[in-house]
Every structure is written in structure tokens, then in C-alpha cells.
Amino acid sequence: MSIYFNRRSALLALGSAGVLSACALVPDQAPATSSPSPAKVFLHGVASGDPDTTSVVLWTRISGATEDVPVTWEVASDADFTNVVRTGTQSATAAADFTVKVIAGDLSPGERIYFRFKALEEISPTGRTKALPAGRVENFGIALASCSNYCFGHFNAYDAIAKDDAIDLVLHTGDYIYEYGAGEWGHETASTIGRAHNPAHEMVTLEDYRLRHAQYKTDPASKAMHAAHPFVACWDDHESTNNPWTDGAGNHQPDTEGDWIQRRNASIQAYYEWMPVRDPATVEARTEFWRTYVIGDLATLITLETRHTARGEQVDYSRYKDTLKSPADRDAFMSAVIGDPARKMISGGMEDVLATGLSRSVAAGEPWRVIGNASPIARMLVPDVQRFGITPADAPAAEQPGAGPNLFWKGEWNLPFYTDTWDGYPAAREAFYALCRAAGAGDLLVLTGDSHSFWANTLSDASGQPMGLEVGTAGITSPGDFVESGWLGESPERLDRVFEAALDEVRWTDNLHQGYVRVVLGRTEARVSYVAVDTVLRPDYAARVIREETIERGRGTIAWKA
């Protein structure tokens, strides 16, 4: 199935049964009643998110302001605003970077509303959103998104999500922005297509993070998605900087970039300002960014915080590369270093939220327990790719044997691809699984980002007990590892097939495309559609479903349908 989009002409042609269709709402255009240039005031559009059954967050930002601006918000039952049901006024202030967040309350469960803002004699684009449903729910659609790097291209998958009528909620599992400077990762593509990062240097200060968020929300596809669907998020690393843990980050140099906690706090403050999420009760609780969403009697969705409240430092392979000389060395390294039980991923507070939410879901007899998860959790230790016919002749220079702790070296010793994922914290993964099983939840549906690849994985604990399934999404723009690192010809696709053949928990993977995953939960099964866009280098694109899977429910289990 192919779906062709031209954002300039709003043309949409469906190749088959109309799984995606054009929204009646055109979210990045202002209503006819607005003044001629709303983009000057509402440059970053509107957004909604963090819903419950009676309320949802509404968001916008006033551009160009230098002093407090009164902003009127309106909620209506129709897109023409002939029936305005709620309204109010809130000030946009410098303290919040002139962003505005409103909790639209007193909604009915599942109620669709339309919203807009007015300020400085202008009217914002119109957004649509809805509260979570209550009671009997037959199906619910989630768009799984991750890894939207401005430098690597246009956010075309966001535009496809905006037009996907099967979507009730967007779940973004992290790397919503990237911290790099204009000359760093992705700069070659950025210079070609005119999407260099702003500010030009790496983000460090509060002003840096605010500017970067502002830039990302000028993308037309981002504005379209945020105006079309309610948004739920968990953060990963690049919202602050690459590979953070509680006391530092891989891409933080204290000698030149200052105190880590100050930088982390700046990134978190900007995040709460610029995202349609509820603010915590206290500033101190900002790092505790976990949420529980109850979707009627159908599902509970719990998002994880795995960066700033408990995570231990990642293992640096360069410190150990020369110490692995034998299988015994490898086993000792995996046990004592990678498997160190002191290295955590989630905090006690996160564990309490998980235990409570999962136990309640099981007791209520809900069919689905969904986990919003930043990085892959399935076991994906790198296989010895040379045994599968991948030779140094296929590899770029950086991947040649002896060039470093690369794919060949990791495959030789059967090590984690990245020590930053759950594979790098196997003891923490087992503790997570044990907690879930104690709550009666051995049937998790884990929705994951971070890897820039599509995944269909099967999960089990160390004893082989089933724990559910994992669905992973490719990047919105960030390229797959094998493609981006320079593997030639058919090698990237061959590597995908090697991982499928060699790894017990990998059913299917694809690192060749950018896109998103549509997951539609039903009463007895879920439909998973992997949606790829054909390009991110220009705003005109085609989207197509490259694979579809069905997940079947059993008694206390879920499994991929044969």
C-alpha cells in the first residue's frame, strides 16, 4: 500500500483500503476568520497532550514577545467554533519562554474537542484533541514515533501521522530533539537540504535548549501532527545530551560545559515549557517524568523514566577492549561489568508506579498492558556476522576488524550492540521483568524507540519465561545504524537478515527506512503496521506500509500471529 503526500498542495491519494485518510482539519493553516499573518504570533502552532478521561493539556507559544501577553484560549465542539464550550485567559511570560499551557477540564471521556488561542489581535491555527475514553473500548490506535533529528531531514512521518485517521494518540518515546552543534552529527545532510541546527553550537544553557525546541516546532509536519492528535511522551537521551546517567553524560565535558546537573536542569525546564505535558507539583519532581494512562477497559499505558532518576553509568568498551582474550574473559566481563546489579535503569518511585498500574490493570481484566520505553529491551547481543557471510569487504573502514570496538569485535565476543540500551543493563532488565511478573503481567506490549530501526521482538526473562512482545520504531529522520555508518550495497539488508536468523528474540527488523508504527489495540488482537516514508530530504514524500503483523491475546500471554 502506498500513500502519496504533497504538503504544498495537500494532495492525498490512497493506494488501498484507506487506512490513512486526509483530515478534514488542515492543522497548519489558520481559520478563515483569523488575521492575515497568524504565523508571526503563533509561529510554533498549537499542540495538545497528556490526556486523562476528563482533561487534556493545550499548548501554544507567542513569538516575538518581550513582555507579558494575555492569551485567550477557546474550546469548541466543532471545527468552526460555532459552539464554544470553554474559554479563558492566561498570560504568556518570559519565565516560561512565552509558552502557554492550559488544562482543558470538565471533558467527557473520549470527547473530541477543537481548540485555538487568540493574542495580539491574531488567531492561532486550530487544533483537535480528545480525552481518554472510559468504560467499554473496542479499539484504540497509537502512533509510535521516535528520533526526530532536524538536521537529517523533514519530519514527513509526522505529517503522515497527522493524516492517519486510525490514530487516537501519538506516543513519542524520545529523542524529540538533538543536542548537537551545526558541525556535528548530521551536518553534511543539513548543509545540503538547508536544515542546520539553531543554535549553531551544541546545546548547553537554558537559552540553547529553548532555541532548539523552537526550531523543531517550526517544521510544518511537526505542527500538523501536534494539531491533529493528543501527544504522550517519554524522554530519552538527546533531549539533554547523548547517553546521560544520574551523575553525568557521555556527551558532557565538565571542563568546558560546566556543571552537569545545571545543564540537565536547563534541558528539563525547556522540555516542560515546550512540550504539551503536565507540570509536576514541584521543581524537584521534574526528573520523575513517568505517566500512567488508563484507556477505558482496554489497556493501561505506562511510560518509563530511564535517564535521570536512577540510571548507572554506561560501560565504555574502550576501557575493556584489550582485556578480552578468551571466552572466560568474555564471560567474566559480561557477569561482573555488564551484569553488575548495582547499575540501575529505573528508580524506586518508577517501580512503585509500575507495580501499582500493572496490578490494577491485571485485576481489572484489561486485555493490554503497554509500556512506553525509550530504548530496546529485547536481547540483541551481536552475533558473529562473519559466520553468516558478512566479511570485511562489505564493511566501511571504521568497521574493519581491529579498527575498534565495532560490529565485528562485538560479534566475535557476542556483546551488546550498545551498552546504553537494556542489553547494557541485564540485571536491571531482570529486576524489571520480576516486578512485572509479580504484578501478574507477563504479557507486556513494549513500544520502543531509540534504535532508528523497525523491530518485531519476542521478550523473555533469563529463565526463558515469556514476558510479552516489543514493537520498535524507526527514526522520524534519524538513519539506521548500518546505513548511516557506511555499509555498502546490499549489506544493510543482509545484516537485518543476520540479526533475525541469529537472535532468538528478533522476529523481524528493518534499518533501511524512516517512519513510524501504527498499533491498533482491539479486544482480542492488535494490528501493527510499520509505515515508512520514501524520503526525508524534501517535504514531498510517499508513505507505505512495509510490513503488517497481528498480535494475538491468550490467557495471560500475547504472541505474534503465525
# chains A, B, ... in the order shown; residues from 1 in each chain; ligands from 1
>>> closest_atom_pairs(of="stretch 453-491 of chain A", to="stretch 498-513 of chain A", cutoff="8 Å", atoms="only C-alpha atoms", output="tab-separated table")
residue	atom	partner	partner_atom	distance
A:Ser453	CA	A:Asn511	CA	4.3
A:Phe454	CA	A:Asp510	CA	5.1
A:Trp455	CA	A:Thr509	CA	4.5
A:Ala456	CA	A:Trp508	CA	5.2
A:Asn457	CA	A:Val506	CA	4.6
A:Thr458	CA	A:Glu505	CA	4.7
A:Leu459	CA	A:Glu505	CA	6.1
A:Ser460	CA	A:Glu505	CA	7.9
A:Ala474	CA	A:His513	CA	6.8
A:Pro479	CA	A:His513	CA	7.4
A:Gly480	CA	A:Asn511	CA	4.6
A:Asp481	CA	A:Asn511	CA	7.0
A:Phe482	CA	A:Asn511	CA	7.0
A:Val483	CA	A:Leu512	CA	6.7
>>> residues_around(residues="A:Asn265", least_positions_apart="6", cutoff="9 Å", atoms="only C-alpha atoms", output="list of chain:residue names")
A:Leu206, A:Ser240, A:Arg286, A:Thr287
>>> closest_residue(among="A:Ala543, A:Met334, A:Ala397, A:Leu358", to="A:Ala441", atoms="only C-alpha atoms")
A:Leu358
>>> select_by_dssp(residues="stretch 193-393 of chain A", states="helix (DSSP H, G or I)", output="VMD selection string")
chain A and resid 193 206 to 216 220 to 228 254 to 257 260 to 274 283 to 287 317 to 319 321 to 323 327 to 338 348 to 364 385 to 388 392 to 393
>>> write_last_selection(atoms="C-alpha atoms", output="mmCIF file, in the first residue's frame")
data_model
loop_
_atom_site.group_PDB
_atom_site.id
_atom_site.type_symbol
_atom_site.label_atom_id
_atom_site.label_comp_id
_atom_site.auth_asym_id
_atom_site.auth_seq_id
_atom_site.Cartn_x
_atom_site.Cartn_y
_atom_site.Cartn_z
ATOM 1 C CA ILE A 193 18.961 20.461 2.460
ATOM 2 C CA LEU A 206 18.599 27.086 29.052
ATOM 3 C CA GLU A 207 18.522 29.550 26.170
ATOM 4 C CA ASP A 208 20.181 26.966 23.903
ATOM 5 C CA TYR A 209 17.563 24.335 24.704
ATOM 6 C CA ARG A 210 14.729 26.824 24.226
ATOM 7 C CA LEU A 211 16.053 27.859 20.812
ATOM 8 C CA ARG A 212 16.387 24.239 19.693
ATOM 9 C CA HIS A 213 12.852 23.331 20.788
ATOM 10 C CA ALA A 214 11.595 26.432 18.994
ATOM 11 C CA GLN A 215 13.360 25.434 15.787
ATOM 12 C CA TYR A 216 11.929 21.908 15.809
ATOM 13 C CA PRO A 220 5.249 22.176 9.175
ATOM 14 C CA ALA A 221 4.846 18.437 9.658
ATOM 15 C CA SER A 222 5.520 18.743 13.378
ATOM 16 C CA LYS A 223 2.862 21.445 13.633
ATOM 17 C CA ALA A 224 0.412 19.306 11.671
ATOM 18 C CA MET A 225 0.887 16.280 13.923
ATOM 19 C CA HIS A 226 0.626 18.245 17.149
ATOM 20 C CA ALA A 227 -2.543 19.958 15.969
ATOM 21 C CA ALA A 228 -4.186 16.708 14.858
ATOM 22 C CA PRO A 254 32.533 19.438 32.667
ATOM 23 C CA ASP A 255 35.790 21.300 31.939
ATOM 24 C CA THR A 256 34.222 23.185 29.028
ATOM 25 C CA GLU A 257 30.466 22.748 29.522
ATOM 26 C CA TRP A 260 26.155 18.524 34.661
ATOM 27 C CA ILE A 261 23.173 18.997 36.983
ATOM 28 C CA GLN A 262 22.821 22.618 35.897
ATOM 29 C CA ARG A 263 22.820 21.560 32.237
ATOM 30 C CA ARG A 264 20.409 18.700 32.881
ATOM 31 C CA ASN A 265 18.039 21.008 34.749
ATOM 32 C CA ALA A 266 18.141 23.527 31.911
ATOM 33 C CA SER A 267 17.200 20.842 29.411
ATOM 34 C CA ILE A 268 14.350 19.625 31.602
ATOM 35 C CA GLN A 269 12.994 23.126 32.183
ATOM 36 C CA ALA A 270 12.914 23.809 28.443
ATOM 37 C CA TYR A 271 11.273 20.433 27.864
ATOM 38 C CA TYR A 272 8.401 21.180 30.222
ATOM 39 C CA GLU A 273 7.976 24.635 28.714
ATOM 40 C CA TRP A 274 7.864 23.491 25.110
ATOM 41 C CA VAL A 283 10.528 21.654 40.519
ATOM 42 C CA GLU A 284 12.320 18.835 42.346
ATOM 43 C CA ALA A 285 9.903 16.302 40.825
ATOM 44 C CA ARG A 286 10.664 17.303 37.233
ATOM 45 C CA THR A 287 13.023 14.372 36.712
ATOM 46 C CA TYR A 317 34.019 -0.678 25.716
ATOM 47 C CA SER A 318 37.259 1.165 25.036
ATOM 48 C CA ARG A 319 38.284 0.548 28.644
ATOM 49 C CA LYS A 321 38.638 -3.972 24.609
ATOM 50 C CA ASP A 322 42.176 -5.200 25.202
ATOM 51 C CA THR A 323 41.216 -7.306 28.231
ATOM 52 C CA PRO A 327 35.756 -16.947 26.286
ATOM 53 C CA ALA A 328 36.402 -16.955 30.034
ATOM 54 C CA ASP A 329 37.388 -13.285 29.874
ATOM 55 C CA ARG A 330 34.201 -12.536 27.966
ATOM 56 C CA ASP A 331 32.023 -14.372 30.476
ATOM 57 C CA ALA A 332 33.659 -12.612 33.413
ATOM 58 C CA PHE A 333 33.171 -9.246 31.700
ATOM 59 C CA MET A 334 29.509 -9.950 30.986
ATOM 60 C CA SER A 335 28.920 -11.073 34.573
ATOM 61 C CA ALA A 336 30.914 -8.584 36.619
ATOM 62 C CA VAL A 337 30.824 -5.462 34.427
ATOM 63 C CA ILE A 338 27.837 -5.548 32.093
ATOM 64 C CA GLY A 348 12.119 3.052 43.286
ATOM 65 C CA GLY A 349 9.440 5.628 42.525
ATOM 66 C CA MET A 350 9.151 4.352 38.963
ATOM 67 C CA GLU A 351 8.932 0.790 40.282
ATOM 68 C CA ASP A 352 6.066 1.772 42.580
ATOM 69 C CA VAL A 353 4.161 3.345 39.692
ATOM 70 C CA LEU A 354 4.717 0.238 37.568
ATOM 71 C CA ALA A 355 3.639 -2.177 40.265
ATOM 72 C CA THR A 356 0.503 -0.172 41.038
ATOM 73 C CA GLY A 357 -0.514 0.367 37.422
ATOM 74 C CA LEU A 358 0.145 -3.174 36.262
ATOM 75 C CA SER A 359 -1.553 -4.793 39.250
ATOM 76 C CA ARG A 360 -4.641 -2.632 38.778
ATOM 77 C CA SER A 361 -4.732 -3.432 35.046
ATOM 78 C CA VAL A 362 -4.500 -7.188 35.664
ATOM 79 C CA ALA A 363 -7.146 -7.065 38.386
ATOM 80 C CA ALA A 364 -9.456 -5.086 36.096
ATOM 81 C CA VAL A 385 28.405 -11.767 11.497
ATOM 82 C CA GLN A 386 31.352 -13.284 9.636
ATOM 83 C CA ARG A 387 29.870 -16.742 10.231
ATOM 84 C CA PHE A 388 26.826 -15.511 8.313
ATOM 85 C CA PRO A 392 35.389 -7.114 5.986
ATOM 86 C CA ALA A 393 34.996 -6.481 2.248
#
>>> select_by_dssp(residues="stretch 97-204 of chain A", states="strand (DSSP E or B)", output="count of residues only")
30
>>> closest_residue(among="A:Ile371, A:Ala200, A:Cys147, A:Ala427", to="A:Ile476", atoms="only C-alpha atoms")
A:Cys147
>>> closest_residue(among="A:Val520, A:Ala342, A:Leu407, A:Val100", to="A:Ala431", atoms="only C-alpha atoms")
A:Ala342
>>> closest_residue(among="A:Asp340, A:Asp50, A:Asp297, A:Glu493", to="A:Leu171", atoms="only C-alpha atoms")
A:Asp50
>>> closest_residue(among="A:Ile551, A:Ala131, A:Val56, A:Ile123", to="A:Arg523", atoms="only C-alpha atoms")
A:Ile551
>>> residues_around(residues="A:Thr421", least_positions_apart="2", cutoff="8 Å", atoms="only C-alpha atoms", output="PDB file with N, CA and C atoms, in the first residue's frame")
ATOM      1  N   SER A 375      14.461   2.816  24.985  1.00  0.00           N
ATOM      2  CA  SER A 375      15.474   2.093  24.218  1.00  0.00           C
ATOM      3  C   SER A 375      15.198   0.600  24.226  1.00  0.00           C
ATOM      4  N   PRO A 376      15.692  -0.149  23.215  1.00  0.00           N
ATOM      5  CA  PRO A 376      15.338  -1.559  23.061  1.00  0.00           C
ATOM      6  C   PRO A 376      15.590  -2.389  24.316  1.00  0.00           C
ATOM      7  N   ILE A 377      14.635  -3.285  24.601  1.00  0.00           N
ATOM      8  CA  ILE A 377      14.741  -4.127  25.790  1.00  0.00           C
ATOM      9  C   ILE A 377      14.993  -5.585  25.422  1.00  0.00           C
ATOM     10  N   TYR A 418      24.897  -1.857  21.813  1.00  0.00           N
ATOM     11  CA  TYR A 418      25.149  -0.629  22.562  1.00  0.00           C
ATOM     12  C   TYR A 418      25.005  -0.936  24.042  1.00  0.00           C
ATOM     13  N   THR A 419      25.893  -0.396  24.853  1.00  0.00           N
ATOM     14  CA  THR A 419      25.772  -0.591  26.298  1.00  0.00           C
ATOM     15  C   THR A 419      24.798   0.399  26.924  1.00  0.00           C
ATOM     16  N   ASP A 423      20.216  -4.022  27.006  1.00  0.00           N
ATOM     17  CA  ASP A 423      21.252  -5.058  26.905  1.00  0.00           C
ATOM     18  C   ASP A 423      22.478  -4.704  27.738  1.00  0.00           C
ATOM     19  N   GLY A 424      22.731  -3.420  27.918  1.00  0.00           N
ATOM     20  CA  GLY A 424      23.857  -2.983  28.734  1.00  0.00           C
ATOM     21  C   GLY A 424      23.573  -3.005  30.221  1.00  0.00           C
ATOM     22  N   TYR A 425      22.336  -3.333  30.592  1.00  0.00           N
ATOM     23  CA  TYR A 425      21.901  -3.375  31.986  1.00  0.00           C
ATOM     24  C   TYR A 425      21.058  -4.635  32.219  1.00  0.00           C
TER      25      TYR A 425
END
>>> atom_distance(atom1="atom CA of A:Tyr180", atom2="atom CA of A:Asp450")
16.1 Å
>>> closest_residue(among="A:Gly372, A:Gly440, A:Pro492, A:Gly556", to="A:Phe289", atoms="only C-alpha atoms")
A:Gly372
>>> residues_around(residues="A:Val41", least_positions_apart="5", cutoff="7 Å", atoms="only C-alpha atoms", output="PyMOL selection string")
chain A and resi 62-64
>>> atom_distance(atom1="atom CA of A:Thr303", atom2="atom CA of A:Arg278")
13.9 Å
>>> residues_around(residues="A:Thr82", least_positions_apart="5", cutoff="12 Å", atoms="only C-alpha atoms", output="PyMOL selection string")
chain A and resi 33+74-77+114-115
>>> write_last_selection(atoms="N, CA and C atoms", output="PDB file, in the first residue's frame")
ATOM      1  N   THR A  33     -11.316  33.044   9.640  1.00  0.00           N
ATOM      2  CA  THR A  33     -11.646  34.227  10.423  1.00  0.00           C
ATOM      3  C   THR A  33     -10.433  34.909  11.027  1.00  0.00           C
ATOM      4  N   GLU A  74      -9.784  28.989  23.584  1.00  0.00           N
ATOM      5  CA  GLU A  74     -11.161  28.588  23.338  1.00  0.00           C
ATOM      6  C   GLU A  74     -11.222  27.100  23.018  1.00  0.00           C
ATOM      7  N   VAL A  75     -12.223  26.430  23.576  1.00  0.00           N
ATOM      8  CA  VAL A  75     -12.521  25.037  23.266  1.00  0.00           C
ATOM      9  C   VAL A  75     -13.928  24.980  22.696  1.00  0.00           C
ATOM     10  N   ALA A  76     -14.072  24.270  21.572  1.00  0.00           N
ATOM     11  CA  ALA A  76     -15.369  24.175  20.909  1.00  0.00           C
ATOM     12  C   ALA A  76     -15.663  22.726  20.569  1.00  0.00           C
ATOM     13  N   SER A  77     -16.927  22.443  20.339  1.00  0.00           N
ATOM     14  CA  SER A  77     -17.326  21.100  19.943  1.00  0.00           C
ATOM     15  C   SER A  77     -17.261  20.902  18.442  1.00  0.00           C
ATOM     16  N   TYR A 114     -12.156  20.854  19.729  1.00  0.00           N
ATOM     17  CA  TYR A 114     -11.314  21.694  18.893  1.00  0.00           C
ATOM     18  C   TYR A 114     -10.879  22.875  19.740  1.00  0.00           C
ATOM     19  N   PHE A 115      -9.657  23.350  19.500  1.00  0.00           N
ATOM     20  CA  PHE A 115      -9.157  24.422  20.354  1.00  0.00           C
ATOM     21  C   PHE A 115      -8.320  25.407  19.539  1.00  0.00           C
TER      22      PHE A 115
END
>>> residues_around(residues="A:Pro276", least_positions_apart="6", cutoff="6 Å", atoms="only C-alpha atoms", output="list in words")
Ser48, Gly49, Val57 and Trp59 of chain A
>>> write_last_selection(atoms="N, CA and C atoms", output="compact mmCIF listing (two decimals), in the first residue's frame")
# COMPACT_ATOMS: atom_id res chain seq x y z
N SER A 48 -1.53 19.52 21.82
CA SER A 48 -2.25 19.01 22.98
C SER A 48 -1.60 17.72 23.44
N GLY A 49 -1.86 17.35 24.68
CA GLY A 49 -1.25 16.12 25.15
C GLY A 49 -1.56 15.79 26.59
N VAL A 57 -4.01 18.67 28.13
CA VAL A 57 -3.18 19.88 28.08
C VAL A 57 -3.28 20.51 26.69
N TRP A 59 -1.52 23.63 24.33
CA TRP A 59 -0.23 24.34 24.33
C TRP A 59 -0.12 25.25 23.12
